[in-house]
$ cat coords_33.txt   # compact mmCIF, C-alpha atoms
# COMPACT_ATOMS: atom_id res chain seq x y z
CA MET A 1 -27.53 19.73 1.62
CA GLU A 2 -26.58 16.46 -0.07
CA LYS A 3 -23.93 18.35 -2.07
CA ASN A 4 -22.44 19.69 1.20
CA ARG A 5 -22.39 16.20 2.66
CA ASN A 6 -20.59 14.90 -0.45
CA ALA A 7 -17.87 17.53 -0.12
CA LEU A 8 -17.47 16.57 3.54
CA LYS A 9 -17.24 12.86 2.65
CA VAL A 10 -14.51 13.52 0.08
CA ALA A 11 -12.62 15.73 2.57
CA VAL A 12 -12.90 13.12 5.35
CA VAL A 13 -11.69 10.24 3.16
CA ALA A 14 -8.83 12.30 1.63
CA VAL A 15 -7.45 13.44 5.00
CA LEU A 16 -7.85 9.96 6.53
CA THR A 17 -6.05 8.41 3.54
CA ALA A 18 -3.16 10.81 4.14
CA VAL A 19 -3.20 9.87 7.85
CA VAL A 20 -2.88 6.16 6.99
CA VAL A 21 0.06 6.90 4.64
CA VAL A 22 1.86 8.93 7.32
CA PHE A 23 1.26 6.33 10.04
CA THR A 24 2.59 3.61 7.72
CA MET A 25 5.66 5.43 6.45
CA ILE A 26 6.80 7.72 9.25
CA VAL A 27 5.80 6.19 12.54
CA ARG A 28 7.98 3.09 12.87
CA ILE A 29 8.88 1.43 16.14
CA PRO A 30 12.19 -0.45 15.86
CA THR A 31 12.19 -3.99 17.25
CA ALA A 32 14.79 -6.75 17.44
CA LYS A 33 13.74 -8.21 14.05
CA GLY A 34 12.93 -5.09 12.09
CA TYR A 35 10.19 -2.57 12.80
CA ILE A 36 6.49 -2.32 13.47
CA ASN A 37 4.65 0.23 11.36
CA LEU A 38 1.47 1.74 12.69
CA CYS A 39 -0.83 1.40 9.68
CA ASP A 40 -3.14 -0.91 11.66
CA VAL A 41 -3.34 1.66 14.45
CA ALA A 42 -4.59 4.28 11.97
CA ILE A 43 -6.99 1.79 10.35
CA CYS A 44 -8.49 0.66 13.66
CA PHE A 45 -8.77 4.27 14.84
CA ILE A 46 -10.68 5.14 11.63
CA ALA A 47 -12.87 2.04 11.91
CA PHE A 48 -13.74 2.79 15.57
CA THR A 49 -14.43 6.48 14.87
CA PHE A 50 -15.60 7.04 11.29
CA GLY A 51 -17.60 4.03 10.13
CA PRO A 52 -17.23 1.26 7.53
CA TRP A 53 -16.97 3.12 4.22
CA SER A 54 -14.46 5.72 5.38
CA ALA A 55 -12.45 2.89 6.93
CA PHE A 56 -12.59 0.73 3.80
CA ILE A 57 -11.51 3.45 1.37
CA ALA A 58 -8.96 5.23 3.58
CA ALA A 59 -7.36 1.98 4.79
CA GLY A 60 -7.15 0.38 1.34
CA LEU A 61 -6.02 3.48 -0.50
CA GLY A 62 -3.67 4.68 2.24
CA THR A 63 -1.73 1.44 2.57
CA ALA A 64 -1.62 0.97 -1.22
CA LEU A 65 -0.16 4.47 -1.63
CA ALA A 66 2.35 3.83 1.15
CA ASP A 67 3.50 0.65 -0.64
CA LEU A 68 3.83 2.62 -3.85
CA PHE A 69 5.93 5.36 -2.23
CA SER A 70 8.13 2.82 -0.42
CA GLY A 71 9.03 1.09 -3.68
CA TYR A 72 6.88 -2.01 -3.15
CA ALA A 73 4.32 -1.30 -5.88
CA GLN A 74 3.71 -5.04 -6.39
CA TRP A 75 2.17 -5.24 -2.90
CA ALA A 76 -0.18 -2.27 -3.44
CA PRO A 77 -3.20 -4.22 -4.80
CA ILE A 78 -2.86 -6.84 -2.03
CA SER A 79 -2.60 -4.16 0.67
CA PHE A 80 -5.62 -2.39 -0.82
CA VAL A 81 -7.78 -5.51 -0.55
CA VAL A 82 -6.50 -6.81 2.82
CA HIS A 83 -6.40 -3.53 4.74
CA GLY A 84 -9.58 -2.24 3.08
CA LEU A 85 -11.37 -5.39 4.22
CA GLU A 86 -9.80 -5.08 7.68
CA GLY A 87 -11.16 -1.53 8.10
CA LEU A 88 -14.58 -2.46 6.73
CA LEU A 89 -15.04 -5.56 8.94
CA VAL A 90 -13.79 -3.93 12.15
CA ALA A 91 -16.03 -0.89 11.56
CA LEU A 92 -19.07 -3.09 10.84
CA ILE A 93 -18.51 -5.04 14.07
CA VAL A 94 -18.12 -2.00 16.33
CA ARG A 95 -20.81 0.06 14.58
CA GLN A 96 -23.21 1.61 17.12
CA LYS A 97 -26.61 3.14 16.35
CA ASP A 98 -26.37 5.55 19.30
CA SER A 99 -23.36 6.79 21.23
CA VAL A 100 -23.31 4.04 23.89
CA THR A 101 -19.92 2.59 24.78
CA ILE A 102 -18.82 -0.39 22.70
CA PRO A 103 -19.15 -3.60 24.79
CA PHE A 104 -15.88 -5.30 25.75
CA VAL A 105 -16.85 -8.53 23.97
CA THR A 106 -17.44 -6.60 20.74
CA LYS A 107 -14.00 -5.03 21.04
CA ILE A 108 -12.41 -8.45 21.50
CA LEU A 109 -14.33 -9.79 18.50
CA ALA A 110 -13.23 -6.80 16.40
CA GLY A 111 -9.64 -7.46 17.47
CA ILE A 112 -9.78 -11.13 16.52
CA VAL A 113 -11.39 -10.34 13.15
CA CYS A 114 -8.76 -7.64 12.48
CA MET A 115 -5.84 -9.97 13.25
CA ALA A 116 -7.36 -12.83 11.28
CA THR A 117 -8.13 -10.64 8.26
CA VAL A 118 -4.62 -9.19 8.06
CA SER A 119 -2.68 -12.41 8.66
CA LEU A 120 -4.86 -14.72 6.56
CA GLY A 121 -5.46 -12.13 3.85
CA TYR A 122 -1.75 -11.47 3.35
CA PHE A 123 -1.01 -15.19 3.60
CA ALA A 124 -3.57 -16.19 0.97
CA LEU A 125 -2.98 -13.39 -1.53
CA SER A 126 0.81 -13.34 -1.36
CA ALA A 127 0.93 -17.16 -1.51
CA ILE A 128 -1.14 -17.07 -4.70
CA PHE A 129 0.25 -14.00 -6.45
CA ILE A 130 3.69 -13.12 -5.12
CA SER A 131 5.86 -15.20 -2.87
CA GLY A 132 4.52 -18.74 -2.55
CA VAL A 133 3.25 -20.58 0.53
CA SER A 134 6.44 -20.90 2.63
CA VAL A 135 7.41 -17.21 2.52
CA ALA A 136 3.80 -16.12 3.03
CA ALA A 137 3.48 -18.45 6.05
CA ALA A 138 6.63 -16.99 7.64
CA GLU A 139 4.97 -13.54 7.60
CA ILE A 140 1.95 -14.68 9.66
CA PRO A 141 3.38 -14.15 13.20
CA TRP A 142 4.67 -10.72 12.22
CA ASN A 143 1.30 -9.67 10.79
CA LEU A 144 -0.49 -11.00 13.88
CA LEU A 145 1.77 -8.92 16.14
CA GLN A 146 1.40 -5.77 14.07
CA SER A 147 -2.39 -6.00 13.78
CA GLY A 148 -2.70 -6.92 17.48
CA VAL A 149 -0.77 -3.79 18.44
CA GLY A 150 -2.94 -1.92 15.93
CA VAL A 151 -6.21 -2.91 17.60
CA VAL A 152 -5.06 -2.07 21.14
CA LEU A 153 -3.51 1.28 20.22
CA GLY A 154 -6.32 2.09 17.77
CA LEU A 155 -8.92 1.67 20.52
CA ALA A 156 -6.93 3.82 22.95
CA LEU A 157 -6.38 6.44 20.26
CA ALA A 158 -10.08 6.55 19.31
CA ALA A 159 -11.03 7.22 22.95
CA ALA A 160 -8.28 9.85 23.37
CA VAL A 161 -9.18 11.72 20.15
CA LYS A 162 -12.91 11.72 21.01
CA ARG A 163 -12.00 13.33 24.34
CA ALA A 164 -9.55 15.83 22.85
CA TYR A 165 -11.64 16.78 19.81
CA PRO A 166 -15.38 16.05 20.39
CA PRO A 167 -16.53 17.43 16.95
CA VAL A 168 -14.93 14.30 15.42
CA ARG A 169 -18.26 12.51 16.01
CA SER A 170 -19.99 14.80 13.51
CA LEU A 171 -17.50 13.84 10.79
CA ALA A 172 -18.47 10.14 10.76
CA TRP A 173 -20.70 8.82 7.97
CA MET B 1 9.05 12.13 3.71
CA THR B 2 9.19 11.32 0.01
CA THR B 3 5.93 10.78 -1.81
CA ASN B 4 7.49 10.92 -5.25
CA THR B 5 8.45 7.73 -7.06
CA PHE B 6 9.43 9.51 -10.29
CA VAL B 7 13.09 9.22 -11.38
CA ALA B 8 14.10 12.03 -13.75
CA GLY B 9 15.27 10.87 -17.17
CA ASP B 10 14.69 11.15 -20.92
CA GLY B 11 14.57 7.54 -22.13
CA PHE B 12 11.91 6.22 -24.52
CA LEU B 13 9.71 5.04 -21.63
CA TYR B 14 9.43 8.65 -20.41
CA ARG B 15 8.01 9.72 -23.79
CA MET B 16 5.50 6.88 -23.88
CA ASP B 17 1.83 7.63 -23.23
CA PRO B 18 0.95 6.84 -19.56
CA ARG B 19 -2.31 5.14 -20.60
CA ALA B 20 -0.35 2.73 -22.79
CA LYS B 21 2.19 2.18 -19.99
CA ILE B 22 -0.58 1.30 -17.51
CA MET B 23 -1.94 -1.24 -19.99
CA ALA B 24 1.54 -2.63 -20.70
CA MET B 25 2.21 -3.08 -16.96
CA LEU B 26 -1.06 -4.98 -16.47
CA LEU B 27 -0.47 -7.18 -19.53
CA VAL B 28 3.10 -8.01 -18.47
CA CYS B 29 1.87 -8.97 -14.97
CA VAL B 30 -0.83 -11.20 -16.50
CA PHE B 31 1.74 -12.69 -18.92
CA LEU B 32 4.00 -13.68 -15.98
CA PHE B 33 1.16 -15.81 -14.56
CA LEU B 34 0.38 -17.59 -17.84
CA GLY B 35 1.72 -21.01 -18.71
CA ILE B 36 5.14 -20.06 -20.10
CA THR B 37 8.49 -21.83 -20.10
CA LEU B 38 11.05 -21.05 -17.37
CA GLU B 39 13.49 -19.82 -20.05
CA GLY B 40 10.76 -17.53 -21.39
CA LEU B 41 10.03 -16.20 -17.92
CA TYR B 42 13.69 -15.33 -17.29
CA ALA B 43 14.13 -13.90 -20.81
CA THR B 44 11.22 -11.53 -20.07
CA VAL B 45 12.68 -10.62 -16.67
CA VAL B 46 16.08 -9.86 -18.27
CA LEU B 47 14.30 -7.76 -20.92
CA LEU B 48 12.45 -5.80 -18.21
CA ILE B 49 15.68 -5.20 -16.28
CA LEU B 50 17.44 -4.06 -19.48
CA VAL B 51 14.60 -1.66 -20.36
CA GLY B 52 14.68 -0.38 -16.78
CA SER B 53 18.46 0.13 -16.78
CA VAL B 54 18.38 1.99 -20.12
CA ASN B 55 15.59 4.31 -18.94
CA THR B 56 16.03 4.89 -15.22
CA GLY B 57 19.73 3.99 -14.89
CA ILE B 58 21.61 1.06 -13.41
CA GLN B 59 21.60 2.63 -9.92
CA HIS B 60 17.80 2.66 -9.75
CA THR B 61 17.66 -0.91 -11.10
CA GLY B 62 20.14 -1.95 -8.39
CA ARG B 63 18.15 -0.18 -5.66
CA THR B 64 14.96 -1.92 -6.75
CA PHE B 65 16.69 -5.30 -6.69
CA LYS B 66 18.21 -4.57 -3.25
CA SER B 67 14.76 -3.78 -1.84
CA ILE B 68 13.39 -7.21 -2.79
CA LEU B 69 16.57 -9.19 -2.12
CA PRO B 70 15.78 -10.36 1.48
CA MET B 71 12.42 -11.76 0.39
CA LEU B 72 13.97 -13.32 -2.71
CA ILE B 73 16.66 -15.08 -0.64
CA PHE B 74 14.02 -16.37 1.77
CA MET B 75 11.92 -17.61 -1.14
CA VAL B 76 14.80 -19.42 -2.86
CA LEU B 77 16.08 -20.95 0.40
CA PHE B 78 12.82 -22.31 1.78
CA MET B 79 10.60 -22.96 -1.23
CA PRO B 80 12.39 -26.11 -2.49
CA PHE B 81 11.90 -27.86 0.90
CA ASN B 82 8.12 -27.52 0.64
CA VAL B 83 7.73 -29.62 -2.49
CA ARG B 84 8.39 -33.22 -1.48
CA GLY B 85 7.27 -35.16 -4.55
CA GLY B 86 9.27 -35.82 -7.72
CA GLU B 87 12.85 -36.59 -8.69
CA SER B 88 15.38 -36.23 -5.86
CA LEU B 89 18.17 -33.66 -6.39
CA ILE B 90 19.87 -33.55 -2.98
CA SER B 91 19.34 -36.19 -0.32
CA ILE B 92 20.91 -37.14 3.03
CA GLY B 93 20.77 -40.93 3.34
CA SER B 94 17.17 -41.91 2.58
CA PHE B 95 15.83 -38.42 3.32
CA THR B 96 15.22 -36.27 0.24
CA LEU B 97 16.23 -32.68 0.93
CA ILE B 98 15.44 -30.99 -2.38
CA THR B 99 13.51 -32.32 -5.36
CA ARG B 100 13.84 -31.18 -8.96
CA GLU B 101 10.19 -29.99 -8.93
CA GLY B 102 10.84 -27.95 -5.75
CA ALA B 103 13.88 -26.24 -7.26
CA LEU B 104 11.97 -25.47 -10.49
CA GLN B 105 9.02 -24.05 -8.56
CA ALA B 106 11.34 -21.82 -6.48
CA ALA B 107 13.00 -20.59 -9.69
CA ARG B 108 9.62 -19.83 -11.28
CA LEU B 109 8.30 -17.97 -8.22
CA GLY B 110 11.53 -15.99 -7.87
CA GLY B 111 11.49 -15.00 -11.55
CA ARG B 112 7.85 -13.99 -11.42
CA PHE B 113 8.43 -11.93 -8.27
CA ILE B 114 11.32 -10.02 -9.87
CA GLY B 115 9.31 -9.51 -13.06
CA ILE B 116 6.22 -8.11 -11.29
CA THR B 117 8.41 -5.85 -9.16
CA TYR B 118 10.22 -4.35 -12.16
CA ALA B 119 7.04 -3.98 -14.25
CA CYS B 120 5.33 -2.01 -11.44
CA THR B 121 8.43 0.00 -10.49
CA LEU B 122 9.11 1.04 -14.10
CA LEU B 123 5.63 2.51 -14.53
CA PHE B 124 5.91 4.72 -11.44
CA ALA B 125 9.59 5.59 -11.96
CA THR B 126 9.05 6.86 -15.51
CA THR B 127 5.64 8.52 -15.11
CA PRO B 128 4.88 11.54 -12.89
CA MET B 129 2.08 10.73 -10.42
CA THR B 130 -0.16 13.42 -11.97
CA ASP B 131 0.06 11.64 -15.35
CA VAL B 132 -0.67 8.28 -13.72
CA MET B 133 -3.81 9.84 -12.23
CA LEU B 134 -4.79 11.35 -15.62
CA GLY B 135 -4.25 7.95 -17.22
CA LEU B 136 -6.48 6.30 -14.61
CA ARG B 137 -9.13 9.01 -15.20
CA TRP B 138 -9.01 8.07 -18.90
CA TYR B 139 -9.71 4.47 -17.83
CA ARG B 140 -12.90 5.83 -16.17
CA LEU B 141 -11.66 6.08 -12.58
CA PRO B 142 -14.52 8.10 -10.97
CA TYR B 143 -13.98 11.84 -10.47
CA LYS B 144 -14.50 11.56 -6.69
CA ALA B 145 -11.91 8.77 -6.39
CA SER B 146 -9.34 10.79 -8.37
CA LEU B 147 -10.07 13.84 -6.23
CA VAL B 148 -9.57 11.83 -3.02
CA VAL B 149 -6.16 10.61 -4.21
CA THR B 150 -4.96 14.03 -5.37
CA LEU B 151 -6.15 15.66 -2.13
CA ALA B 152 -4.43 12.93 -0.11
CA PHE B 153 -1.17 13.73 -1.99
CA THR B 154 -1.54 17.36 -0.91
CA TYR B 155 -2.19 16.48 2.72
CA ILE B 156 0.52 13.84 3.23
CA PRO B 157 3.44 16.33 3.61
CA PHE B 158 1.31 18.60 5.84
CA ILE B 159 0.35 15.76 8.23
CA ALA B 160 3.89 14.31 8.16
CA ASP B 161 5.37 17.72 9.08
CA SER B 162 2.83 18.18 11.90
CA PHE B 163 3.67 14.75 13.23
CA ILE B 164 7.43 15.44 13.20
CA GLN B 165 6.97 18.81 14.92
CA ILE B 166 4.71 17.32 17.60
CA THR B 167 7.16 14.45 18.19
CA GLU B 168 9.98 16.97 18.63
CA SER B 169 8.01 19.07 21.10
CA HIS B 170 7.10 15.99 23.14
CA ARG B 171 10.76 14.96 23.11
CA LEU B 172 11.79 18.40 24.40
CA ARG B 173 9.15 18.32 27.16
CA GLU B 174 10.24 14.90 28.36
CA GLY B 175 13.94 15.80 28.32
CA GLY B 176 16.34 12.89 28.52
CA ASP B 177 13.67 10.30 29.39
CA LEU B 178 13.11 9.39 25.76
CA GLU B 179 16.78 8.66 25.19
CA LYS B 180 16.74 5.86 27.77
CA LYS B 181 16.39 2.27 26.58
CA ARG B 182 12.74 1.27 26.85
CA SER B 183 10.75 -1.80 25.85
CA VAL B 184 8.73 -1.79 22.63
CA PHE B 185 5.46 -1.71 24.61
CA LYS B 186 6.62 1.25 26.70
CA ARG B 187 7.64 3.06 23.51
CA LEU B 188 4.24 2.36 21.96
CA LYS B 189 2.45 3.62 25.08
CA ASP B 190 4.57 6.78 25.15
CA LEU B 191 3.68 7.41 21.52
CA LEU B 192 -0.04 7.75 22.29
CA PRO B 193 -0.06 11.49 23.25
CA THR B 194 1.96 12.33 20.12
CA LEU B 195 -0.37 10.35 17.87
CA THR B 196 -3.44 11.93 19.49
CA SER B 197 -2.11 15.47 18.94
CA ALA B 198 -1.10 14.72 15.34
CA LEU B 199 -4.53 13.24 14.60
CA VAL B 200 -6.37 16.20 16.12
CA VAL B 201 -4.31 18.58 13.95
CA ALA B 202 -5.16 16.51 10.84
CA LEU B 203 -8.87 16.16 11.71
CA ARG B 204 -9.25 19.89 12.34
CA SER B 205 -8.40 20.52 8.68
CA ILE B 206 -11.35 18.42 7.41
CA PRO B 207 -14.12 21.09 7.77
CA TYR B 208 -11.90 23.68 6.03
CA LEU B 209 -11.13 21.29 3.19
CA ALA B 210 -14.86 20.50 2.78
CA MET B 211 -15.65 24.21 2.73
CA SER B 212 -13.02 24.96 0.10
CA LEU B 213 -14.26 22.07 -2.04
CA GLU B 214 -17.77 23.55 -1.97
CA GLN B 215 -16.44 26.98 -2.86
CA ARG B 216 -14.51 25.47 -5.79
CA GLY B 217 -17.84 24.16 -7.11
CA PHE B 218 -17.62 20.53 -6.04
CA GLY B 219 -20.89 18.79 -6.92
CA ARG B 220 -21.95 21.37 -9.53
CA LYS B 221 -22.72 20.19 -13.06
CA GLU B 222 -20.38 22.74 -14.59
CA LYS B 223 -17.29 22.43 -12.45
CA ARG B 224 -14.97 25.37 -11.93
CA THR B 225 -12.04 23.00 -11.96
CA SER B 226 -11.35 19.89 -14.01
CA TYR B 227 -8.48 17.55 -14.82
CA HIS B 228 -6.41 18.51 -17.88
CA SER B 229 -6.03 16.03 -20.72
CA LEU B 230 -3.08 13.92 -21.87
CA ASP B 231 -3.02 15.43 -25.37
CA SER B 232 0.66 16.36 -25.10
CA TYR B 233 1.61 12.72 -25.70
CA ARG B 234 1.86 12.46 -29.48
CA HIS B 235 2.08 8.79 -30.40
CA THR B 236 -0.79 7.38 -28.40
CA PHE B 237 -1.86 4.83 -31.03
CA THR B 238 1.70 3.57 -31.61
CA ASP B 239 2.32 3.35 -27.85
CA PHE B 240 -0.86 1.32 -27.34
CA LEU B 241 0.10 -0.93 -30.24
CA ILE B 242 3.56 -1.57 -28.75
CA SER B 243 2.12 -2.15 -25.25
CA PHE B 244 -0.36 -4.64 -26.63
CA THR B 245 1.92 -6.40 -29.11
CA ILE B 246 4.98 -7.09 -26.95
CA PRO B 247 3.25 -9.23 -24.26
CA ILE B 248 1.31 -11.13 -26.95
CA VAL B 249 4.45 -11.82 -29.02
CA LEU B 250 6.31 -12.90 -25.86
CA TRP B 251 3.47 -15.26 -25.00
CA LEU B 252 3.40 -16.75 -28.51
CA ILE B 253 7.17 -17.36 -28.36
CA PHE B 254 7.40 -18.68 -24.82
CA LYS B 255 4.09 -20.47 -24.17
CA ALA B 256 4.61 -23.87 -22.58
$ encode --input "coords_33.txt" --output "structure tokens"
Amino acid sequence: MEKNRNALKVAVVAVLTAVVVVFTMIVRIPTAKGYINLCDVAICFIAFTFGPWSAFIAAGLGTALADLFSGYAQWAPISFVVHGLEGLLVALIVRQKDSVTIPFVTKILAGIVCMATVSLGYFALSAIFISGVSVAAAEIPWNLLQSGVGVVLGLALAAAVKRAYPPVRSLAW
Amino acid sequence: MTTNTFVAGDGFLYRMDPRAKIMAMLLVCVFLFLGITLEGLYATVVLLILVGSVNTGIQHTGRTFKSILPMLIFMVLFMPFNVRGGESLISIGSFTLITREGALQAARLGGRFIGITYACTLLFATTPMTDVMLGLRWYRLPYKASLVVTLAFTYIPFIADSFIQITESHRLREGGDLEKKRSVFKRLKDLLPTLTSALVVALRSIPYLAMSLEQRGFGRKEKRTSYHSLDSYRHTFTDFLISFTIPIVLWLIFKA
């Protein structure tokens, strides 16, 4: 039985990692100053639906792979840490023992933690390892916007997928 | 959607053992953070660019540089203004605009950024992803982790294709409405049904993948499948020696 569960865990994490890569690389909404990618939407969806460990591994690995494929390999370790942590923290906050609806306050808290983790995480790590303080600080508003959109859409997507495909609840671990 | 970073070629980096290349990349990145002279930093960066151009071609080197150029310009333009202390280089009246320390710090950060970018890009441009994975397995990356990454590689094109097909069908159903100019928020809202459908398609494949993993013997002691080795690379010892020696020699020459 444990063996079966292990195979399911590997399958869940592998497919969710691929989902994060696709959401990061393909789904891009053009804006006046560039584009918003939807990696945070995928991460929040996974965190709200699948639990902390799936969210941590899929979010970290997925965004790191997307950086690698896009030619920004130097950002891959930073993305792994920041987005992995984002998925883990959001999932831990919204974790429910039974299937009751997540309280509104918890959702707000998860949103704030998600935005803070992404913006401060990228700021701190890229200031130390890559670009220096001024460039890293200029990225903060952009990261706040992207992660904010991620939380809102991720929540809506989690509810929509649970309605459209109820067996998704049995895949969480 | 391209998930391949490999650039075909036959330079010496292509023949080098991937395990040695992974180590060389890590050592070069560490070296760039050590206390070295600015001349040493830029000499290393020039060396990396030369090695890259010889192996992957000038076009690829140019493309890599182009991809980091906006950030580099931003870094060089704004960094010097942040450091206020030290000898004044440019000043307007009594107000110091740029100090010598600020300019030097911007130069160091810019050089390091280019160096890290080229070190990472060269590894993935000259090594097929399967060999990178085998190299990481040799460095004791757990079997499950390697399996997750290789399975994700398989599923990325499948999910990307599903997403594109679903987007196209939604576009056809909505007719000309999608062509109209809409706000970013409206566009995001309209994307929700497409994302939901694409996710459901992806999630439906999970039970089948789990089942096929079990049937392939996942979790058994004697696995029916395993990763092949990197024995085809002939000069492993020499490659490791080169990977280890070059960063150390560079550090001994250029340490501050």
$ interface_residues --input "coords_33.txt" --of "chain B" --to "chain A" --cutoff "8 Å" --atoms "all atoms listed in the file" --output "PyMOL selection string"
chain B and resi 1-5+64+67+71+74-75+78-79+82+109-110+112-113+116-117+120-121+144+147-149+151-153+155-156+159-160+184+187-188+192+195-196+199-200+202-203+206-207+209-211+213-214+218-219
$ atom_distance --input "coords_33.txt" --atom1 "atom CA of B:Arg108" --atom2 "atom CA of B:Ile90"
19.0 Å
$ atom_distance --input "coords_33.txt" --atom1 "atom CA of A:Leu125" --atom2 "atom CA of A:Gly87"
17.3 Å
$ residues_around --input "coords_33.txt" --residues "B:Asp10" --least-positions-apart "5" --cutoff "12 Å" --atoms "only C-alpha atoms" --output "PDB file with C-alpha atoms, in the frame of the given file"
ATOM      1  CA  ARG B  15       8.010   9.720 -23.790  1.00  0.00           C
ATOM      2  CA  MET B  16       5.500   6.880 -23.880  1.00  0.00           C
ATOM      3  CA  VAL B  54      18.380   1.990 -20.120  1.00  0.00           C
ATOM      4  CA  ASN B  55      15.590   4.310 -18.940  1.00  0.00           C
ATOM      5  CA  THR B  56      16.030   4.890 -15.220  1.00  0.00           C
ATOM      6  CA  GLY B  57      19.730   3.990 -14.890  1.00  0.00           C
ATOM      7  CA  ALA B 125       9.590   5.590 -11.960  1.00  0.00           C
ATOM      8  CA  THR B 126       9.050   6.860 -15.510  1.00  0.00           C
ATOM      9  CA  THR B 127       5.640   8.520 -15.110  1.00  0.00           C
TER      10      THR B 127
END
$ residues_around --input "coords_33.txt" --residues "A:Ala91" --least-positions-apart "5" --cutoff "12 Å" --atoms "all atoms listed in the file" --output "number ranges by chain"
A: 43-57, 59, 84-86, 96, 102, 106-107, 109-111, 113-114, 151, 154-155, 172-173
$ atom_distance --input "coords_33.txt" --atom1 "atom CA of B:Ile36" --atom2 "atom CA of B:Leu252"
9.2 Å
$ closest_residue --input "coords_33.txt" --among "A:Met115, A:Thr63, A:Val94, A:Thr101" --to "A:Gly150" --atoms "only C-alpha atoms"
A:Met115
$ axis_aligned_box --input "coords_33.txt" --around "stretch 90-109 of chain A" --padding-each-side "6 Å" --output "JSON"
{"center_x": -19.5, "center_y": -1.5, "center_z": 18.3, "size_x": 26.2, "size_y": 28.6, "size_z": 26.9}
